[in-house]
>>> print(open('target_1.txt').read())   # compact mmCIF, C-alpha atoms and all ligand atoms
# COMPACT_ATOMS: atom_id res chain seq x y z
CA MET I 1 18.12 -4.96 -18.68
CA ILE I 2 15.45 -2.42 -17.76
CA PRO I 3 14.53 -3.35 -14.18
CA TYR I 4 10.96 -3.37 -12.90
CA ASN I 5 11.88 -0.89 -10.19
CA LYS I 6 14.86 1.24 -9.29
CA PRO I 7 14.74 2.93 -5.89
CA PHE I 8 14.93 6.67 -6.48
CA LEU I 9 17.24 9.01 -4.59
CA ALA I 10 15.80 12.51 -4.52
CA GLY I 11 19.10 14.11 -3.45
CA PRO I 12 18.94 15.33 0.15
CA GLU I 13 18.81 11.88 1.80
CA LEU I 14 22.53 11.55 2.65
CA GLY I 15 22.70 15.10 3.92
CA CYS I 16 19.70 14.51 6.16
CA ILE I 17 21.25 11.33 7.53
CA GLU I 18 24.47 13.18 8.23
CA GLN I 19 22.50 15.88 10.02
CA ALA I 20 20.79 13.24 12.18
CA ILE I 21 24.13 11.68 13.06
CA ARG I 22 25.66 15.04 13.96
CA ALA I 23 22.64 15.91 16.09
CA GLY I 24 23.44 12.82 18.13
CA HIS I 25 19.91 11.40 18.24
CA LEU I 26 19.87 8.12 16.33
CA SER I 27 17.07 6.13 17.94
CA GLY I 28 13.44 6.85 17.04
CA ASP I 29 11.19 9.87 17.49
CA GLY I 30 13.75 12.63 17.00
CA GLU I 31 13.48 15.80 14.95
CA PHE I 32 13.22 14.07 11.54
CA THR I 33 10.45 11.78 12.74
CA ARG I 34 8.55 14.82 14.04
CA ARG I 35 9.00 16.61 10.71
CA CYS I 36 7.63 13.59 8.84
CA HIS I 37 4.65 13.37 11.19
CA ARG I 38 3.88 17.06 10.71
CA PHE I 39 4.20 16.70 6.91
CA PHE I 40 1.61 13.93 6.73
CA ALA I 41 -0.80 15.66 9.11
CA ASP I 42 -0.54 19.00 7.29
CA THR I 43 -0.41 17.74 3.69
CA PHE I 44 -3.04 15.00 3.75
CA GLY I 45 -5.13 15.80 6.80
CA PHE I 46 -4.16 12.63 8.66
CA GLY I 47 -5.22 12.62 12.30
CA HIS I 48 -2.21 11.26 14.09
CA PRO I 49 0.59 9.78 11.92
CA LEU I 50 3.20 7.52 13.54
CA LEU I 51 6.21 6.30 11.57
CA THR I 52 6.80 2.56 11.86
CA THR I 53 9.47 0.17 10.63
CA SER I 54 7.18 -1.06 7.81
CA CYS I 55 3.60 -1.18 6.64
CA THR I 56 3.55 -4.75 7.95
CA ALA I 57 4.43 -3.39 11.41
CA ALA I 58 1.71 -0.74 11.12
CA LEU I 59 -0.88 -3.41 10.28
CA GLU I 60 0.29 -5.51 13.24
CA MET I 61 -0.10 -2.46 15.47
CA ALA I 62 -3.62 -2.00 14.12
CA ALA I 63 -4.53 -5.59 15.03
CA LEU I 64 -3.13 -5.11 18.56
CA LEU I 65 -4.91 -1.77 18.96
CA LEU I 66 -8.25 -3.31 18.03
CA ASP I 67 -7.69 -6.25 20.43
CA ILE I 68 -8.32 -8.65 17.58
CA GLY I 69 -8.24 -12.23 18.82
CA PRO I 70 -9.46 -15.80 18.32
CA GLY I 71 -13.11 -15.89 17.27
CA ASP I 72 -12.88 -12.57 15.45
CA GLU I 73 -13.31 -12.24 11.70
CA VAL I 74 -11.67 -9.66 9.48
CA ILE I 75 -12.81 -9.00 5.91
CA MET I 76 -10.23 -8.08 3.24
CA PRO I 77 -9.67 -8.70 -0.46
CA SER I 78 -7.93 -11.94 -1.39
CA TYR I 79 -5.96 -10.03 -4.01
CA THR I 80 -3.54 -8.31 -1.63
CA PHE I 81 -0.11 -8.63 -0.05
CA VAL I 82 0.36 -11.29 2.64
CA SER I 83 0.94 -8.72 5.39
CA THR I 84 -2.65 -7.46 5.17
CA ALA I 85 -3.77 -10.91 6.31
CA ASN I 86 -0.82 -11.98 8.48
CA ALA I 87 -1.23 -9.05 10.85
CA PHE I 88 -4.66 -10.36 11.88
CA VAL I 89 -3.90 -14.08 11.57
CA LEU I 90 -1.00 -13.54 14.02
CA ARG I 91 -3.61 -12.50 16.61
CA GLY I 92 -5.67 -15.62 15.98
CA ALA I 93 -8.39 -14.04 13.85
CA ARG I 94 -10.04 -15.68 10.86
CA VAL I 95 -9.71 -13.87 7.57
CA VAL I 96 -12.81 -13.73 5.37
CA PHE I 97 -11.65 -13.01 1.86
CA ALA I 98 -13.67 -10.81 -0.48
CA ASP I 99 -13.46 -11.00 -4.25
CA SER I 100 -12.05 -8.25 -6.45
CA ASN I 101 -14.38 -6.39 -8.77
CA PRO I 102 -14.57 -6.69 -12.56
CA LEU I 103 -13.23 -3.18 -13.19
CA ASN I 104 -10.05 -3.37 -11.12
CA PRO I 105 -8.48 -5.56 -8.42
CA ASN I 106 -9.99 -3.61 -5.51
CA LEU I 107 -12.50 -5.22 -3.17
CA ASP I 108 -15.98 -5.68 -4.66
CA THR I 109 -18.09 -3.65 -2.25
CA THR I 110 -21.35 -5.04 -3.64
CA GLN I 111 -20.51 -8.35 -1.96
CA LEU I 112 -19.50 -6.90 1.37
CA GLU I 113 -22.79 -7.10 3.31
CA ALA I 114 -23.04 -10.83 2.64
CA LEU I 115 -19.66 -11.44 4.30
CA VAL I 116 -20.50 -9.72 7.58
CA THR I 117 -21.33 -12.02 10.52
CA PRO I 118 -21.76 -11.32 14.24
CA ARG I 119 -18.05 -12.16 14.59
CA THR I 120 -16.83 -9.56 12.10
CA ARG I 121 -14.70 -6.86 13.72
CA ALA I 122 -12.97 -5.03 10.89
CA ILE I 123 -12.80 -4.43 7.15
CA VAL I 124 -9.35 -3.92 5.61
CA PRO I 125 -9.60 -2.53 2.07
CA ILE I 126 -6.49 -1.94 0.00
CA HIS I 127 -6.17 0.71 -2.68
CA TYR I 128 -4.59 -1.39 -5.39
CA ALA I 129 -2.00 0.41 -7.54
CA GLY I 130 -2.83 3.53 -5.54
CA ILE I 131 -6.34 3.66 -7.08
CA ALA I 132 -9.02 4.15 -4.43
CA CYS I 133 -11.35 1.36 -3.48
CA ASP I 134 -15.01 2.47 -3.47
CA LEU I 135 -15.10 3.79 0.08
CA ASP I 136 -18.64 5.18 0.42
CA PRO I 137 -20.46 1.82 0.33
CA LEU I 138 -17.65 0.24 2.37
CA LEU I 139 -17.89 2.88 5.09
CA ALA I 140 -21.68 2.57 5.09
CA THR I 141 -21.45 -1.18 5.71
CA ALA I 142 -18.86 -0.62 8.43
CA GLN I 143 -21.06 1.95 10.13
CA ARG I 144 -24.17 -0.21 9.88
CA HIS I 145 -22.45 -3.10 11.65
CA ASN I 146 -20.16 -1.11 13.92
CA LEU I 147 -16.98 -2.36 12.25
CA VAL I 148 -13.60 -0.69 12.25
CA VAL I 149 -12.05 0.20 8.88
CA VAL I 150 -8.29 -0.18 8.53
CA GLU I 151 -7.10 1.10 5.14
CA ASP I 152 -4.11 -0.76 3.79
CA GLY I 153 -2.83 2.31 1.99
CA ALA I 154 0.64 0.88 1.37
CA PRO I 155 0.61 1.96 -2.32
CA ALA I 156 -1.73 4.93 -1.85
CA PHE I 157 0.55 7.90 -1.11
CA ASP I 158 -0.90 11.14 -2.54
CA SER I 159 -4.02 9.54 -3.98
CA TYR I 160 -7.62 10.58 -3.37
CA TYR I 161 -11.22 9.42 -3.08
CA ARG I 162 -13.74 12.10 -4.01
CA GLY I 163 -11.06 14.71 -3.35
CA ARG I 164 -10.00 13.49 0.09
CA ALA I 165 -6.64 11.79 0.70
CA LEU I 166 -6.57 8.01 1.02
CA GLY I 167 -5.49 7.12 4.51
CA SER I 168 -7.81 9.70 6.06
CA PHE I 169 -10.97 7.56 5.85
CA GLY I 170 -10.40 4.53 8.07
CA GLN I 171 -10.22 4.81 11.86
CA LEU I 172 -6.73 3.47 11.10
CA ALA I 173 -4.60 3.40 7.96
CA ALA I 174 -1.22 1.88 7.12
CA PHE I 175 1.37 3.12 4.62
CA SER I 176 4.62 1.67 3.28
CA PHE I 177 7.94 3.31 2.47
CA HIS I 178 9.47 0.12 1.10
CA GLU I 179 11.85 0.80 -1.77
CA THR I 180 9.18 -0.26 -4.29
CA LYS I 181 6.76 2.46 -3.19
CA ASN I 182 6.50 6.05 -4.48
CA ILE I 183 8.19 7.56 -1.42
CA GLN I 184 10.72 5.20 0.05
CA ALA I 185 13.21 4.74 2.86
CA GLY I 186 14.41 1.25 1.96
CA GLU I 187 12.13 -0.24 4.60
CA GLY I 188 9.65 1.92 6.46
CA GLY I 189 6.00 2.51 7.14
CA MET I 190 3.41 4.54 9.00
CA LEU I 191 0.29 3.98 11.02
CA VAL I 192 -2.26 6.79 10.75
CA ILE I 193 -4.72 7.10 13.61
CA ASN I 194 -7.76 9.08 12.49
CA ASP I 195 -9.93 8.10 15.46
CA ALA I 196 -8.43 9.87 18.47
CA GLN I 197 -9.57 7.19 20.92
CA TYR I 198 -6.71 4.99 19.64
CA ALA I 199 -3.95 7.61 19.69
CA LEU I 200 -2.52 7.22 23.19
CA ARG I 201 -2.56 3.42 23.15
CA ALA I 202 -0.93 3.40 19.71
CA GLU I 203 2.04 5.31 21.13
CA ILE I 204 2.30 2.76 23.93
CA ILE I 205 2.09 -0.30 21.67
CA ARG I 206 4.73 1.25 19.39
CA GLU I 207 7.10 1.80 22.36
CA LYS I 208 7.26 -1.75 23.74
CA GLY I 209 4.14 -1.35 25.87
CA THR I 210 5.55 1.60 27.80
CA ASN I 211 4.31 5.17 28.12
CA ARG I 212 7.72 6.48 27.14
CA THR I 213 6.31 8.80 24.45
CA ALA I 214 4.07 10.50 27.03
CA PHE I 215 7.10 10.71 29.37
CA PHE I 216 9.20 12.51 26.75
CA ARG I 217 6.29 14.89 26.19
CA GLY I 218 6.35 15.63 29.90
CA ASP I 219 2.87 14.18 30.49
CA VAL I 220 4.03 11.64 33.12
CA ALA I 221 6.85 11.73 35.69
CA ARG I 222 8.38 8.36 34.76
CA TYR I 223 7.67 5.73 32.21
CA SER I 224 6.74 2.14 32.91
CA TRP I 225 5.24 -0.99 31.41
CA VAL I 226 1.55 -0.25 31.02
CA ASP I 227 0.28 -2.49 28.19
CA VAL I 228 1.35 -5.03 25.57
CA GLY I 229 3.54 -3.73 22.80
CA SER I 230 6.61 -4.22 20.69
CA SER I 231 9.27 -2.13 18.97
CA TYR I 232 7.65 -0.54 15.95
CA LEU I 233 9.42 2.81 15.67
CA PRO I 234 12.10 3.37 13.04
CA SER I 235 15.42 5.00 13.84
CA GLU I 236 16.15 8.63 13.00
CA LEU I 237 18.38 7.41 10.15
CA THR I 238 15.29 6.01 8.44
CA ALA I 239 13.24 9.11 9.24
CA ALA I 240 16.04 11.36 7.93
CA PHE I 241 16.16 9.43 4.65
CA LEU I 242 12.38 9.64 4.38
CA TRP I 243 12.45 13.37 5.02
CA GLY I 244 14.96 13.74 2.19
CA GLN I 245 12.39 12.12 -0.10
CA LEU I 246 9.47 14.14 1.23
CA GLU I 247 11.31 17.37 0.43
CA HIS I 248 10.85 16.36 -3.23
CA TRP I 249 7.52 14.55 -3.06
CA GLN I 250 5.82 16.70 -5.67
CA SER I 251 8.50 16.23 -8.34
CA ILE I 252 8.59 12.47 -7.62
CA GLN I 253 4.83 12.31 -8.03
CA HIS I 254 4.92 14.42 -11.17
CA ALA I 255 7.49 12.11 -12.79
CA ARG I 256 5.59 8.94 -11.85
CA ARG I 257 2.21 10.27 -12.98
CA ARG I 258 3.70 11.32 -16.31
CA LEU I 259 5.11 7.82 -16.89
CA TRP I 260 1.77 6.27 -15.94
CA HIS I 261 -0.18 8.48 -18.37
CA THR I 262 2.32 7.83 -21.16
CA TYR I 263 1.75 4.07 -20.81
CA ASN I 264 -1.98 4.54 -20.51
CA ASP I 265 -2.25 6.69 -23.65
CA ALA I 266 0.16 4.64 -25.75
CA LEU I 267 -1.37 1.26 -24.87
CA ALA I 268 -5.05 2.30 -24.90
CA GLY I 269 -5.58 0.59 -28.26
CA LEU I 270 -5.02 -2.81 -26.62
CA ARG I 271 -8.45 -2.52 -25.02
CA ALA I 272 -9.99 -3.24 -28.40
CA LEU I 273 -8.24 -6.62 -28.35
CA GLY I 274 -9.67 -7.45 -24.94
CA VAL I 275 -6.51 -6.64 -23.00
CA GLY I 276 -7.27 -4.83 -19.73
CA LEU I 277 -5.76 -1.51 -18.69
CA PRO I 278 -6.22 0.12 -15.27
CA VAL I 279 -9.76 1.37 -14.73
CA VAL I 280 -9.82 4.57 -12.67
CA PRO I 281 -13.40 5.25 -11.53
CA ASP I 282 -14.39 8.92 -11.41
CA TYR I 283 -14.19 8.92 -7.60
CA ALA I 284 -10.50 7.91 -7.75
CA THR I 285 -7.16 9.40 -8.84
CA VAL I 286 -3.90 8.14 -10.32
CA ASN I 287 -0.79 8.43 -8.13
CA GLY I 288 1.57 6.73 -10.57
CA HIS I 289 2.37 3.88 -8.21
CA LEU I 290 2.29 1.12 -10.79
CA PHE I 291 1.00 0.46 -14.30
CA TYR I 292 -0.52 -2.87 -15.22
CA LEU I 293 -2.07 -4.78 -18.07
CA VAL I 294 -4.55 -7.62 -17.68
CA CYS I 295 -3.75 -10.26 -20.28
CA ARG I 296 -6.50 -12.31 -21.91
CA ASP I 297 -5.32 -15.50 -20.24
CA GLU I 298 -2.46 -16.82 -18.16
CA ALA I 299 -0.60 -18.36 -21.10
CA GLU I 300 -0.57 -14.99 -22.82
CA ARG I 301 0.85 -13.37 -19.69
CA THR I 302 3.59 -16.00 -19.45
CA ALA I 303 4.45 -15.42 -23.10
CA LEU I 304 4.45 -11.63 -22.71
CA ILE I 305 6.73 -11.72 -19.65
CA ALA I 306 9.09 -14.14 -21.41
CA ARG I 307 9.13 -12.06 -24.59
CA LEU I 308 9.83 -8.83 -22.71
CA ARG I 309 12.59 -10.51 -20.71
CA GLU I 310 14.22 -11.67 -23.96
CA ARG I 311 14.13 -8.06 -25.06
CA GLY I 312 15.75 -6.85 -21.82
CA ILE I 313 12.62 -5.70 -20.00
CA MET I 314 11.61 -6.90 -16.54
CA ALA I 315 7.82 -7.10 -16.37
CA VAL I 316 6.40 -8.93 -13.36
CA PHE I 317 3.12 -10.43 -12.24
CA HIS I 318 1.72 -9.53 -8.85
CA TYR I 319 -0.30 -11.11 -6.03
CA LEU I 320 -1.28 -14.73 -5.91
CA PRO I 321 -4.73 -14.63 -4.30
CA LEU I 322 -4.39 -15.39 -0.59
CA HIS I 323 -7.49 -17.60 -0.37
CA ALA I 324 -5.71 -20.01 -2.74
CA SER I 325 -2.32 -19.83 -1.00
CA PRO I 326 -0.66 -22.94 0.43
CA TYR I 327 -1.01 -21.55 3.95
CA TYR I 328 -4.62 -20.36 3.91
CA THR I 329 -6.44 -22.71 1.52
CA PRO I 330 -7.19 -25.21 4.33
CA GLN I 331 -8.68 -22.38 6.42
CA HIS I 332 -10.58 -20.65 3.63
CA ASP I 333 -14.35 -21.29 3.58
CA GLY I 334 -14.21 -22.66 0.06
CA ARG I 335 -15.97 -19.82 -1.75
CA ALA I 336 -14.69 -19.33 -5.28
CA LEU I 337 -13.30 -15.83 -5.84
CA PRO I 338 -13.18 -15.69 -9.63
CA TRP I 339 -12.06 -12.08 -10.02
CA ALA I 340 -9.18 -12.42 -7.54
CA GLU I 341 -8.09 -15.47 -9.54
CA HIS I 342 -8.61 -13.56 -12.78
CA TYR I 343 -6.12 -10.85 -11.75
CA GLY I 344 -3.86 -13.41 -10.07
CA ALA I 345 -3.44 -15.24 -13.37
CA ARG I 346 -3.49 -12.35 -15.86
CA LEU I 347 -2.14 -9.12 -14.37
CA VAL I 348 1.35 -7.97 -15.35
CA ARG I 349 3.18 -4.83 -14.21
CA LEU I 350 5.45 -2.80 -16.50
CA PRO I 351 8.62 -1.01 -15.33
CA LEU I 352 7.80 2.32 -13.69
CA PHE I 353 10.37 4.32 -11.73
CA CYS I 354 11.48 7.97 -11.71
CA GLU I 355 14.66 7.40 -13.70
CA LEU I 356 13.00 5.46 -16.51
CA THR I 357 13.89 7.54 -19.56
CA ALA I 358 11.49 8.50 -22.33
CA GLU I 359 13.52 6.32 -24.74
CA GLN I 360 13.35 3.30 -22.43
CA GLN I 361 9.62 3.75 -21.95
CA GLN I 362 9.03 4.07 -25.70
CA TYR I 363 11.06 0.88 -26.21
CA ILE I 364 8.89 -0.95 -23.66
CA ILE I 365 5.70 0.35 -25.29
CA ASP I 366 6.93 -0.71 -28.75
CA GLU I 367 7.81 -4.18 -27.52
CA VAL I 368 4.38 -4.65 -25.91
CA LEU I 369 2.60 -3.44 -29.05
CA THR I 370 4.77 -5.68 -31.25
CA PHE I 371 3.91 -8.65 -29.05
CA TYR I 372 0.22 -8.00 -29.57
CA GLN I 373 0.56 -7.36 -33.32
CA THR I 374 1.72 -10.94 -33.74
CA ARG I 375 -1.13 -12.53 -31.77
C1 LIG X 1 3.95 -3.02 -0.04
C2 LIG X 1 2.68 -3.46 0.59
C3 LIG X 1 2.63 -3.92 1.93
C4 LIG X 1 3.87 -4.16 2.74
O1 LIG X 1 4.63 -3.05 3.04
P1 LIG X 1 5.96 -3.22 3.88
O2 LIG X 1 6.33 -1.81 4.22
O3 LIG X 1 6.96 -3.89 3.00
O4 LIG X 1 5.66 -4.01 5.11
C5 LIG X 1 1.41 -4.22 2.48
N1 LIG X 1 0.26 -4.11 1.77
C6 LIG X 1 0.26 -3.68 0.50
C7 LIG X 1 -1.04 -3.55 -0.23
C8 LIG X 1 1.47 -3.36 -0.14
O5 LIG X 1 1.44 -2.95 -1.43
>>> encode(input="target_1.txt", output="structure tokens")
Amino acid sequence: MIPYNKPFLAGPELGCIEQAIRAGHLSGDGEFTRRCHRFFADTFGFGHPLLTTSCTAALEMAALLLDIGPGDEVIMPSYTFVSTANAFVLRGARVVFADSNPLNPNLDTTQLEALVTPRTRAIVPIHYAGIACDLDPLLATAQRHNLVVVEDGAPAFDSYYRGRALGSFGQLAAFSFHETKNIQAGEGGMLVINDAQYALRAEIIREKGTNRTAFFRGDVARYSWVDVGSSYLPSELTAAFLWGQLEHWQSIQHARRRLWHTYNDALAGLRALGVGLPVVPDYATVNGHLFYLVCRDEAERTALIARLRERGIMAVFHYLPLHASPYYTPQHDGRALPWAEHYGARLVRLPLFCELTAEQQQYIIDEVLTFYQTR
């Protein structure tokens, strides 16, 4: 069976973990965490990166930092992962779901203004498949109404909008190092603080509501409970593993982008049949996070997934739109979101991981093309 994903080991991870153990600092914020922070600041121009235990944790920190509470509204696409919404729902906010756009599953920014009310506090775009959402109109709406932008950049490592790294646009941005992402540490994440006014409080919220980080920096004489917070920092073992990956980030990205372009070139002919391939607007880039097809209807997707599975290939669908989820349907305002449902019913992801061989990928391509020859 060719799996959908296989977590990649770049090589140095075990050695880095051993080094962390020998250094005797196993809890969070040691040397490996500092190296990771410096990497993200230097490589992508992120203001103030803070490793977290997951992207979910980073989004929860964002909701705490913004003092989101009952009565507040947060706009985000319905076609996203549950954590994007849960982080704000946990604080008592109402989620206002935006539709996807016809070109790709990202938020349709042409509809954004109509969703803003006096209660709106934040917009949370995601960059689906690592392909940038159209940020200029989104940022303009946010500025016009004084809203905070939190980028859910979970899949957006090393991807760009008009030449600038995703994760550097929002006042806040969240990333994931879950084993399904390009750079992984099993579980892991990062909150990026690009608006300096949030930096000090973010450190406090991440350290159980204490000013321990400032204490270790020597800024205060002792540390105490100064605010709400929780435990959001990963151990040095996680940071060491992550550093082992980051030492090879360019070769990982090269391998993934190559696989993505091979699929895209080999399957381009399916467009003529009405099958969708990823649309990468000229303001966006490909980071090789995932490759998808959009089938012509749900029955076709079911048949394609079943056929590929028979042939030893794990292809998988993706998000079920959150506005139509068992949990949120009763709280959703009832607006139809046809494009979110379109992708929810038709999108299928093909295997893409560093160790996928050229032969395996050709086999997958042949099987997909054969499926469509017979329909
Ligand atoms: C993977 C993902 C998450 C969750 O990341 P975790 O690190 O597993 O918490 C959140 N949002 C999006 C868009 C994702 O793709």
>>> residues_around(input="target_1.txt", residues="region 368-374 of chain I", least_positions_apart="6", cutoff="10 Å", atoms="all atoms listed in the file", output="CSV table (one decimal) with C-alpha atoms, in the coordinates of the input")
chain,number,residue,atom,x,y,z
I,266,ALA,CA,0.2,4.6,-25.8
I,267,LEU,CA,-1.4,1.3,-24.9
I,269,GLY,CA,-5.6,0.6,-28.3
I,270,LEU,CA,-5.0,-2.8,-26.6
I,273,LEU,CA,-8.2,-6.6,-28.4
I,275,VAL,CA,-6.5,-6.6,-23.0
I,300,GLU,CA,-0.6,-15.0,-22.8
I,303,ALA,CA,4.4,-15.4,-23.1
I,304,LEU,CA,4.4,-11.6,-22.7
I,305,ILE,CA,6.7,-11.7,-19.6
I,307,ARG,CA,9.1,-12.1,-24.6
I,308,LEU,CA,9.8,-8.8,-22.7
I,350,LEU,CA,5.4,-2.8,-16.5
I,362,GLN,CA,9.0,4.1,-25.7
>>> residues_around(input="target_1.txt", residues="Ser251 (chain I)", least_positions_apart="4", cutoff="12 Å", atoms="all atoms listed in the file", output="list in words")
Phe8, Leu9, Ala10, Gly11, Asn182, Ile183, Gln245, Leu246, Glu247, Ala255, Arg256, Arg257, Arg258, Gly288 and Cys354 of chain I
>>> closest_residue(input="target_1.txt", among="I:Ala62, I:Ala284, I:Ile21, I:Cys295", to="Val150 (chain I)", atoms="only C-alpha atoms")
I:Ala62
>>> closest_atom_pairs(input="target_1.txt", of="chain I", to="ligand LIG 1 (chain X)", cutoff="6 Å", atoms="only C-alpha atoms and all ligand atoms", output="Markdown table")
| residue | atom | partner | partner_atom | distance |
| --- | --- | --- | --- | --- |
| I:Ser54 | CA | X:LIG1 | O2 | 3.8 |
| I:Cys55 | CA | X:LIG1 | O2 | 3.7 |
| I:Thr56 | CA | X:LIG1 | O4 | 3.6 |
| I:Thr80 | CA | X:LIG1 | C7 | 5.6 |
| I:Phe81 | CA | X:LIG1 | N1 | 4.9 |
| I:Ser83 | CA | X:LIG1 | C5 | 5.4 |
| I:Thr84 | CA | X:LIG1 | N1 | 5.6 |
| I:Ile126 | CA | X:LIG1 | C7 | 5.7 |
| I:Asp152 | CA | X:LIG1 | C7 | 5.8 |
| I:Ala154 | CA | X:LIG1 | C8 | 4.6 |
| I:Pro155 | CA | X:LIG1 | O5 | 5.1 |
| I:Ser176 | CA | X:LIG1 | O2 | 4.0 |
| I:Phe177 | CA | X:LIG1 | O2 | 5.6 |
| I:His178 | CA | X:LIG1 | O2 | 4.8 |
| I:Gly188 | CA | X:LIG1 | O2 | 5.5 |
| I:Gly189 | CA | X:LIG1 | O2 | 5.2 |
>>> write_last_selection(input="target_1.txt", atoms="C-alpha atoms", output="PDB file, keeping the file's coordinate frame")
ATOM      1  CA  SER I  54       7.180  -1.060   7.810  1.00  0.00           C
ATOM      2  CA  CYS I  55       3.600  -1.180   6.640  1.00  0.00           C
ATOM      3  CA  THR I  56       3.550  -4.750   7.950  1.00  0.00           C
ATOM      4  CA  THR I  80      -3.540  -8.310  -1.630  1.00  0.00           C
ATOM      5  CA  PHE I  81      -0.110  -8.630  -0.050  1.00  0.00           C
ATOM      6  CA  SER I  83       0.940  -8.720   5.390  1.00  0.00           C
ATOM      7  CA  THR I  84      -2.650  -7.460   5.170  1.00  0.00           C
ATOM      8  CA  ILE I 126      -6.490  -1.940   0.000  1.00  0.00           C
ATOM      9  CA  ASP I 152      -4.110  -0.760   3.790  1.00  0.00           C
ATOM     10  CA  ALA I 154       0.640   0.880   1.370  1.00  0.00           C
ATOM     11  CA  PRO I 155       0.610   1.960  -2.320  1.00  0.00           C
ATOM     12  CA  SER I 176       4.620   1.670   3.280  1.00  0.00           C
ATOM     13  CA  PHE I 177       7.940   3.310   2.470  1.00  0.00           C
ATOM     14  CA  HIS I 178       9.470   0.120   1.100  1.00  0.00           C
ATOM     15  CA  GLY I 188       9.650   1.920   6.460  1.00  0.00           C
ATOM     16  CA  GLY I 189       6.000   2.510   7.140  1.00  0.00           C
TER      17      GLY I 189
END
>>> residues_around(input="target_1.txt", residues="Val74 (chain I)", least_positions_apart="4", cutoff="6 Å", atoms="only C-alpha atoms", output="PyMOL selection string")
chain I and resi 95-96+120-123
>>> axis_aligned_box(input="target_1.txt", around="region 47-63 of chain I", padding_each_side="6 Å", output="lines of an AutoDock Vina configuration file")
center_x = 2.1
center_y = 3.5
center_z = 11.1
size_x = 26.7
size_y = 30.2
size_z = 20.8
>>> closest_residue(input="target_1.txt", among="I:Pro326, I:Gly15, I:Gly153, I:Pro234", to="Phe169 (chain I)", atoms="only C-alpha atoms")
I:Gly153
>>> atom_distance(input="target_1.txt", atom1="CA of Val192 (chain I)", atom2="CA of Gly170 (chain I)")
8.9 Å
>>> closest_residue(input="target_1.txt", among="I:Asp297, I:Tyr79, I:Leu64, I:Leu242", to="Ile204 (chain I)", atoms="all atoms listed in the file")
I:Leu64
>>> residues_around(input="target_1.txt", residues="region 135-139 of chain I", least_positions_apart="6", cutoff="10 Å", atoms="only C-alpha atoms", output="tab-separated table (two decimals) with C-alpha atoms, in the frame of the given file")
chain	number	residue	atom	x	y	z
I	107	LEU	CA	-12.50	-5.22	-3.17
I	108	ASP	CA	-15.98	-5.68	-4.66
I	109	THR	CA	-18.09	-3.65	-2.25
I	110	THR	CA	-21.35	-5.04	-3.64
I	112	LEU	CA	-19.50	-6.90	1.37
I	113	GLU	CA	-22.79	-7.10	3.31
I	123	ILE	CA	-12.80	-4.43	7.15
I	124	VAL	CA	-9.35	-3.92	5.61
I	125	PRO	CA	-9.60	-2.53	2.07
I	127	HIS	CA	-6.17	0.71	-2.68
I	145	HIS	CA	-22.45	-3.10	11.65
I	146	ASN	CA	-20.16	-1.11	13.92
I	147	LEU	CA	-16.98	-2.36	12.25
I	148	VAL	CA	-13.60	-0.69	12.25
I	149	VAL	CA	-12.05	0.20	8.88
I	151	GLU	CA	-7.10	1.10	5.14
I	161	TYR	CA	-11.22	9.42	-3.08
I	162	ARG	CA	-13.74	12.10	-4.01
I	166	LEU	CA	-6.57	8.01	1.02
I	169	PHE	CA	-10.97	7.56	5.85
I	170	GLY	CA	-10.40	4.53	8.07
I	283	TYR	CA	-14.19	8.92	-7.60
I	284	ALA	CA	-10.50	7.91	-7.75
>>> closest_residue(input="target_1.txt", among="I:Ala336, I:Ala165, I:Ala156, I:Val226", to="Ala41 (chain I)", atoms="only C-alpha atoms")
I:Ala165
>>> closest_residue(input="target_1.txt", among="I:Arg309, I:Arg34, I:His342, I:Lys181", to="Ile364 (chain I)", atoms="all atoms listed in the file")
I:Arg309
>>> closest_residue(input="target_1.txt", among="I:Ser159, I:Thr262, I:Thr53, I:Ser100", to="Leu191 (chain I)", atoms="only C-alpha atoms")
I:Thr53
>>> residues_near_point(input="target_1.txt", point="(1.9, 10.0, 10.1)", cutoff="8 Å", atoms="all atoms listed in the file", output="PyMOL selection string")
chain I and resi 36-41+46-51+190-192
>>> atom_distance(input="target_1.txt", atom1="CA of Ile17 (chain I)", atom2="CA of Met61 (chain I)")
26.6 Å
>>> atom_distance(input="target_1.txt", atom1="CA of Arg296 (chain I)", atom2="CA of Arg346 (chain I)")
6.8 Å
>>> residues_around(input="target_1.txt", residues="Leu65 (chain I)", least_positions_apart="3", cutoff="9 Å", atoms="all atoms listed in the file", output="list in words")
Glu60, Met61, Ala62, Ile68, Tyr198, Arg201, Ala202 and Ile205 of chain I
>>> write_last_selection(input="target_1.txt", atoms="C-alpha atoms", output="PDB file, in the frame of the given file")
ATOM      1  CA  GLU I  60       0.290  -5.510  13.240  1.00  0.00           C
ATOM      2  CA  MET I  61      -0.100  -2.460  15.470  1.00  0.00           C
ATOM      3  CA  ALA I  62      -3.620  -2.000  14.120  1.00  0.00           C
ATOM      4  CA  ILE I  68      -8.320  -8.650  17.580  1.00  0.00           C
ATOM      5  CA  TYR I 198      -6.710   4.990  19.640  1.00  0.00           C
ATOM      6  CA  ARG I 201      -2.560   3.420  23.150  1.00  0.00           C
ATOM      7  CA  ALA I 202      -0.930   3.400  19.710  1.00  0.00           C
ATOM      8  CA  ILE I 205       2.090  -0.300  21.670  1.00  0.00           C
TER       9      ILE I 205
END
